[in-house]
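Source file: work34.cif; contents: mmCIF, C-alpha atoms.
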data_my_file
#
loop_
_atom_site.label_atom_id
_atom_site.label_comp_id
_atom_site.auth_asym_id
_atom_site.auth_seq_id
_atom_site.Cartn_x
_atom_site.Cartn_y
_atom_site.Cartn_z
CA MET A 1 44.84 -19.91 83.83
CA TYR A 2 48.38 -19.33 82.63
CA THR A 3 49.84 -15.85 82.24
CA VAL A 4 53.02 -15.35 80.21
CA MET A 5 55.43 -12.65 81.38
CA ARG A 6 59.05 -11.55 81.32
CA VAL A 7 61.01 -12.44 84.41
CA HIS A 8 62.30 -8.85 84.50
CA ASP A 9 58.70 -7.62 85.02
CA PHE A 10 58.04 -10.16 87.74
CA ASP A 11 57.27 -9.10 91.30
CA ALA A 12 56.91 -12.00 93.73
CA ALA A 13 54.60 -9.97 95.95
CA GLU A 14 52.10 -9.67 93.09
CA HIS A 15 52.72 -12.64 90.81
CA LEU A 16 53.13 -15.82 92.86
CA PRO A 17 52.72 -18.63 92.12
CA ALA A 18 55.10 -18.60 89.20
CA VAL A 19 57.20 -21.02 87.17
CA LEU A 20 60.49 -20.06 85.52
CA LEU A 21 60.68 -21.82 82.15
CA ASP A 22 64.21 -21.07 80.94
CA ARG A 23 67.00 -23.62 80.73
CA LEU A 24 69.53 -21.03 81.94
CA TRP A 25 69.16 -18.72 84.91
CA PRO A 26 68.21 -15.23 83.65
CA ARG A 27 71.19 -12.90 83.43
CA GLY A 28 71.14 -10.10 86.00
CA VAL A 29 68.37 -11.64 88.13
CA ARG A 30 69.23 -12.43 91.72
CA LYS A 31 67.92 -15.72 93.08
CA GLU A 32 66.34 -13.88 96.01
CA ARG A 33 64.17 -11.94 93.56
CA LEU A 34 62.55 -15.18 92.39
CA GLU A 35 62.16 -16.71 95.82
CA GLY A 36 59.11 -18.95 95.87
CA THR A 37 59.23 -19.47 92.11
CA VAL A 38 59.42 -23.01 90.75
CA TRP A 39 62.12 -23.58 88.11
CA GLU A 40 61.13 -26.29 85.61
CA LYS A 41 64.14 -26.71 83.32
CA ALA A 42 62.80 -30.03 82.01
CA ALA A 43 59.92 -28.21 80.28
CA THR A 44 62.17 -25.93 78.24
CA PRO A 45 63.81 -26.18 74.82
CA SER A 46 67.03 -28.15 74.64
CA THR A 47 70.21 -26.15 74.26
CA ALA A 48 70.60 -27.32 70.65
CA LEU A 49 67.05 -26.26 69.74
CA ARG A 50 67.40 -22.92 71.51
CA VAL A 51 70.69 -22.11 69.75
CA TRP A 52 69.26 -23.14 66.36
CA PHE A 53 66.18 -20.95 66.90
CA HIS A 54 68.17 -17.88 67.96
CA GLU A 55 70.06 -17.91 64.63
CA ASP A 56 66.84 -16.79 62.85
CA ARG A 57 63.97 -16.20 65.27
CA GLU A 58 61.48 -14.86 62.75
CA GLY A 59 62.20 -17.31 59.97
CA ARG A 60 62.34 -20.39 62.19
CA PHE A 61 59.53 -19.73 64.66
CA ASP A 62 56.99 -22.18 63.18
CA GLU A 63 59.56 -24.97 62.88
CA PHE A 64 60.84 -24.16 66.38
CA CYS A 65 57.32 -24.62 67.76
CA ARG A 66 56.96 -27.97 65.97
CA ARG A 67 60.33 -29.23 67.26
CA LEU A 68 59.61 -28.00 70.77
CA ARG A 69 56.32 -29.92 70.83
CA GLN A 70 58.32 -33.05 69.99
CA GLU A 71 60.77 -32.38 72.82
CA LEU A 72 57.95 -31.71 75.26
CA ALA A 73 56.43 -35.12 74.44
CA GLU A 74 59.40 -36.78 76.19
CA PRO A 75 58.65 -38.34 79.61
CA GLU A 76 60.78 -35.94 81.69
CA ALA A 77 59.14 -32.91 80.05
CA GLN A 78 55.68 -34.46 80.48
CA GLN A 79 56.34 -34.88 84.20
CA ALA A 80 57.35 -31.23 84.47
CA LEU A 81 54.19 -30.14 82.63
CA GLU A 82 52.10 -32.25 85.00
CA ARG A 83 53.71 -30.53 87.99
CA ILE A 84 52.81 -27.15 86.49
CA ARG A 85 49.22 -28.30 85.85
CA ALA A 86 48.99 -29.43 89.48
CA LEU A 87 50.09 -25.97 90.63
CA GLU A 88 47.46 -24.37 88.43
CA LYS A 89 44.76 -26.65 89.85
CA GLN A 90 45.87 -25.73 93.35
CA HIS A 91 46.14 -21.97 92.81
CA GLY A 92 43.94 -21.16 89.81
CA GLU A 93 46.48 -18.92 88.12
CA ILE A 94 50.13 -19.50 87.31
CA HIS A 95 52.60 -17.01 85.87
CA LEU A 96 54.94 -18.54 83.30
CA LEU A 97 58.24 -16.66 83.32
CA THR A 98 61.01 -16.25 80.76
CA ALA A 99 63.90 -13.89 80.14
CA ALA A 100 62.98 -13.75 76.43
CA ARG A 101 62.44 -10.21 75.20
CA ASP A 102 59.22 -11.18 73.43
CA PRO A 103 57.47 -13.86 75.51
CA GLU A 104 54.54 -14.05 73.09
CA HIS A 105 56.94 -15.25 70.38
CA SER A 106 58.92 -17.68 72.49
CA HIS A 107 58.75 -21.20 73.86
CA LEU A 108 56.17 -20.05 76.43
CA VAL A 109 53.50 -19.89 73.73
CA VAL A 110 53.93 -23.59 73.00
CA ILE A 111 54.16 -24.51 76.67
CA ARG A 112 51.03 -22.54 77.55
CA GLU A 113 49.15 -24.18 74.68
CA LEU A 114 50.17 -27.66 75.86
CA LEU A 115 49.26 -26.86 79.47
CA GLN A 116 45.80 -25.69 78.44
CA SER A 117 45.07 -28.76 76.30
#
Conversion result in structure tokens:
Amino acid sequence: MYTVMRVHDFDAAEHLPAVLLDRLWPRGVRKERLEGTVWEKAATPSTALRVWFHEDREGRFDEFCRRLRQELAEPEAQQALERIRALEKQHGEIHLLTAARDPEHSHLVVIRELLQS
């Protein structure tokens, strides 16, 4: 099972194991706060895709999801997704973390869908 949550709501004592799925380290979050969290940058949107999406989040969401699926089909991203699946098999539940203000309308939706398929 994969749970999507904001990194700012994350508490390692309650939510491990967890995987940070942002290309950039979340602003204002100390590395100690995410101790024990796996950071899988390879399973995140490219900088170009992320910048393009942020120009019009509502209007571009469907196309963003389509483009992200294409990026996540690349070998490096597939390896990262396999590592996350292995963690889920080992622990039963994994928290997928992002700094996005609305995780349910972010890249985590696509990633969670791919992980569950």
(request) Determine the nearest neighbour of Pro75 of chain A from the options A:Val19, A:His107, A:Ala42, A:Ala48, counting all atoms listed in the file. (result)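 Distance minimum relative to Pro75 of chain A lands on A:Ala42.
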Which residues match the PyMOL selection byres ((chain A and resi 36) around 12) in the file above, as a PDB file with C-alpha atoms, keeping the file's coordinate frame?
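Result saved to out19.pdb:
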ATOM      1  CA  ASP A  11      57.270  -9.100  91.300  1.00  0.00           C
ATOM      2  CA  ALA A  12      56.910 -12.000  93.730  1.00  0.00           C
ATOM      3  CA  ALA A  13      54.600  -9.970  95.950  1.00  0.00           C
ATOM      4  CA  GLU A  14      52.100  -9.670  93.090  1.00  0.00           C
ATOM      5  CA  HIS A  15      52.720 -12.640  90.810  1.00  0.00           C
ATOM      6  CA  LEU A  16      53.130 -15.820  92.860  1.00  0.00           C
ATOM      7  CA  PRO A  17      52.720 -18.630  92.120  1.00  0.00           C
ATOM      8  CA  ALA A  18      55.100 -18.600  89.200  1.00  0.00           C
ATOM      9  CA  VAL A  19      57.200 -21.020  87.170  1.00  0.00           C
ATOM     10  CA  LEU A  20      60.490 -20.060  85.520  1.00  0.00           C
ATOM     11  CA  LYS A  31      67.920 -15.720  93.080  1.00  0.00           C
ATOM     12  CA  GLU A  32      66.340 -13.880  96.010  1.00  0.00           C
ATOM     13  CA  ARG A  33      64.170 -11.940  93.560  1.00  0.00           C
ATOM     14  CA  LEU A  34      62.550 -15.180  92.390  1.00  0.00           C
ATOM     15  CA  GLU A  35      62.160 -16.710  95.820  1.00  0.00           C
ATOM     16  CA  THR A  37      59.230 -19.470  92.110  1.00  0.00           C
ATOM     17  CA  VAL A  38      59.420 -23.010  90.750  1.00  0.00           C
ATOM     18  CA  TRP A  39      62.120 -23.580  88.110  1.00  0.00           C
TER      19      TRP A  39
END
(request) Report as a ChimeraX atom specification the full result of the PyMOL selection byres ((chain A and resi 22-24) around 7) when it is applied to this structure. (result) /A:20-21,25-26,41,44,98
(request) Measuring atom to atom with all atoms listed in the file, identify which of A:Leu108, A:Ala43, A:Val51, A:Ile94 is nearest to Ala80 of chain A. (result)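 Checking each of A:Leu108, A:Ala43, A:Val51, A:Ile94 against Ala80 of chain A, counting all atoms listed in the file, the winner is A:Ala43.
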(request) List the neighbours of Ser106 of chain A out to 12 Å using only C-alpha atoms; skip same-chain residues closer than 3 positions along the sequence, and give me the result as a PyMOL selection string. (result) chain A and resi 4-6+21-22+44-45+50+53-54+57-58+60-62+64-65+68+96-103+109-113
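Interatomic distance, atom CA of Arg85 of chain A against atom CA of Leu115 of chain A: 6.5 Å.
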(message) Just to confirm, what's the straight-line distance from atom CA of Met1 of chain A to atom CA of Glu88 of chain A in Å (one decimal)?
(response)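 Atom CA of Met1 of chain A sits 6.9 Å away from atom CA of Glu88 of chain A.
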(request) In Å, rounded to a single decimal, give me how far atom CA of Leu81 of chain A is from atom CA of Glu93 of chain A. (result)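 Between atom CA of Glu93 of chain A and atom CA of Leu81 of chain A the gap is 14.7 Å.
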(request) Give the answer as one residue: which of A:Leu114, A:Leu87, A:Thr47, A:Val29 has the shortest atom-to-atom distance to Arg69 of chain A, using all atoms listed in the file? (result)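 Comparing A:Leu114, A:Leu87, A:Thr47, A:Val29 against Arg69 of chain A, the winner is A:Leu114.
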